[in-house]
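Structure first, then comments.
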Amino acid sequence: MRHWLMKSEPSVYSIADLRREVRAMWEGCRNYLVRNRLRDEVRPGDMAFFYHSNSQPSGIAGIMEVVSEAYPDPTQFDPESPYFDPKATRENPRWLAVDVEFVREFARVVPLAELKEHPVLGGMEVCRRGQRLSVLPVTTDEWDAVLALPGV
DNA sequence: GCCAACGTTGGC
DNA sequence: GCCAACGTTGGC
């Protein structure tokens, strides 16, 4: 089982939304590296931090579980969707989604600045300058260190 | 709102 | 296949 960190802008979809819906489709990824990672590395049973990006503060808000294999993201076929991709066809889908399930919301959001200061967590991918991928690997040490933070 | 990082597009 | 221009992400 692997660990991940997955980003969402809470104004679009937050951990509170996932808590309410319990299970959701993680849709709208339009980056090939992330697409390949979903296809090749992310598996049902993997656990992920739910990260709030473009937020105040940005940071880790809770935990979810990946509960499906990657499958074609239906929003790419929907002209009404902001994620519509005119070059994608049902015969040749470009983009993938996975289903995720709520596990728990942290008592507080762990801000990015706090991660950066931490001796172990400062090395997380998400702390790297210019890191823009929305699905990032997390090591077991990093996972455990986040869960050991006070108030989490 | 600014801007750094970096992925994507498209001319050649 | 190179590379400049452009677009997007996302912290601050």
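Every chain in the structure tokens has a letter given in the order shown (A, B, ...), and although residue numbers restart at 1 in each chain, ligands are simply numbered from 1 in the order shown.
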Residue list for chain C near chain A as a PyMOL selection string, 12 Å, only C-alpha atoms (C1' of nucleotides): chain C and resi 8-12
Put those residues in a file: N, CA, C and O atoms (P, O5', C5', C4', C3', O3' and C1' of nucleotides), as a CSV table (one decimal), in the first residue's frame.
```
chain,number,residue,atom,x,y,z
C,8,DT,P,-4.9,28.5,-19.5
C,8,DT,O5',-4.0,27.7,-18.3
C,8,DT,C5',-3.6,26.4,-18.5
C,8,DT,C4',-2.9,25.9,-17.3
C,8,DT,C3',-3.7,26.2,-16.0
C,8,DT,O3',-3.8,25.0,-15.3
C,8,DT,C1',-1.5,27.1,-15.8
C,9,DT,P,-4.6,24.9,-13.9
C,9,DT,O5',-3.5,24.9,-12.8
C,9,DT,C5',-2.4,23.9,-12.9
C,9,DT,C4',-1.4,24.2,-11.9
C,9,DT,C3',-2.0,24.4,-10.5
C,9,DT,O3',-1.3,23.5,-9.6
C,9,DT,C1',-0.5,26.2,-11.0
C,10,DG,P,-1.8,23.1,-8.2
C,10,DG,O5',-1.2,24.3,-7.3
C,10,DG,C5',0.2,24.4,-7.1
C,10,DG,C4',0.5,25.7,-6.5
C,10,DG,C3',-0.5,26.1,-5.3
C,10,DG,O3',0.3,26.5,-4.2
C,10,DG,C1',-0.2,27.8,-6.7
C,11,DG,P,-0.1,26.3,-2.7
C,11,DG,O5',1.1,27.0,-2.1
C,11,DG,C5',2.4,26.7,-2.5
C,11,DG,C4',3.3,28.0,-2.4
C,11,DG,C3',3.1,28.8,-1.1
C,11,DG,O3',4.4,29.2,-0.7
C,11,DG,C1',2.6,30.2,-3.0
C,12,DC,P,4.7,29.7,0.8
C,12,DC,O5',4.5,31.2,0.7
C,12,DC,C5',5.4,32.0,-0.1
C,12,DC,C4',4.8,33.4,-0.3
C,12,DC,C3',4.2,34.0,0.9
C,12,DC,O3',5.1,34.8,1.5
C,12,DC,C1',3.0,34.5,-1.1
```
- Item | Secondary structure check, helix (DSSP H, G or I) residues of chain A, as JSON, numbers by chain | {"A": [15, 16, 17, 18, 19, 20, 21, 32, 33, 34, 35, 36, 37, 38, 39, 40, 74, 75, 76, 77, 112, 113, 114, 115, 116, 117, 121, 122, 123, 125, 126, 127, 140, 141, 142, 143, 144, 145, 146, 147]}
Would you mind telling me which residue in A:Ala48, A:Ala16, A:Leu96, A:Pro72 lies nearest to A:Tyr32 when using only C-alpha atoms?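 Smallest distance to A:Tyr32 is found for A:Leu96.
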Hey, what's within 12 Å of A:Pro150 if we count only C-alpha atoms (C1' of nucleotides) and toss same-chain stuff fewer than 3 positions away? As a PDB file with N, CA and C atoms, in the first residue's frame, please?
```pdb
ATOM      1  N   PHE A 106      -8.684  16.241   9.695  1.00  0.00           N
ATOM      2  CA  PHE A 106      -7.840  16.616  10.829  1.00  0.00           C
ATOM      3  C   PHE A 106      -8.551  17.676  11.669  1.00  0.00           C
ATOM      4  N   ALA A 107      -8.185  17.714  12.959  1.00  0.00           N
ATOM      5  CA  ALA A 107      -8.742  18.733  13.851  1.00  0.00           C
ATOM      6  C   ALA A 107      -8.303  20.130  13.425  1.00  0.00           C
ATOM      7  N   ARG A 108      -7.163  20.173  12.691  1.00  0.00           N
ATOM      8  CA  ARG A 108      -6.697  21.451  12.149  1.00  0.00           C
ATOM      9  C   ARG A 108      -6.015  21.170  10.816  1.00  0.00           C
ATOM     10  N   VAL A 109      -5.997  22.174   9.934  1.00  0.00           N
ATOM     11  CA  VAL A 109      -5.222  22.051   8.703  1.00  0.00           C
ATOM     12  C   VAL A 109      -3.749  22.235   9.060  1.00  0.00           C
ATOM     13  N   VAL A 110      -2.897  21.347   8.570  1.00  0.00           N
ATOM     14  CA  VAL A 110      -1.452  21.504   8.793  1.00  0.00           C
ATOM     15  C   VAL A 110      -0.899  22.361   7.663  1.00  0.00           C
ATOM     16  N   GLU A 114       4.331  24.978   8.027  1.00  0.00           N
ATOM     17  CA  GLU A 114       4.706  24.092   9.135  1.00  0.00           C
ATOM     18  C   GLU A 114       5.429  22.853   8.609  1.00  0.00           C
ATOM     19  N   ALA A 145       5.019  10.906  10.297  1.00  0.00           N
ATOM     20  CA  ALA A 145       5.395  12.161  10.955  1.00  0.00           C
ATOM     21  C   ALA A 145       4.246  13.158  10.943  1.00  0.00           C
ATOM     22  N   VAL A 146       3.471  13.176   9.863  1.00  0.00           N
ATOM     23  CA  VAL A 146       2.300  14.070   9.826  1.00  0.00           C
ATOM     24  C   VAL A 146       1.297  13.643  10.890  1.00  0.00           C
ATOM     25  N   LEU A 147       1.070  12.332  10.986  1.00  0.00           N
ATOM     26  CA  LEU A 147       0.074  11.854  11.959  1.00  0.00           C
ATOM     27  C   LEU A 147       0.528  12.065  13.402  1.00  0.00           C
TER      28      LEU A 147
END
```
- Query: Between atom CA of A:Met124 and atom CA of A:Val138, what is the distance, to one decimal in Å?
  - Reply: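 Distance reported for this atom pair: 6.9 Å.
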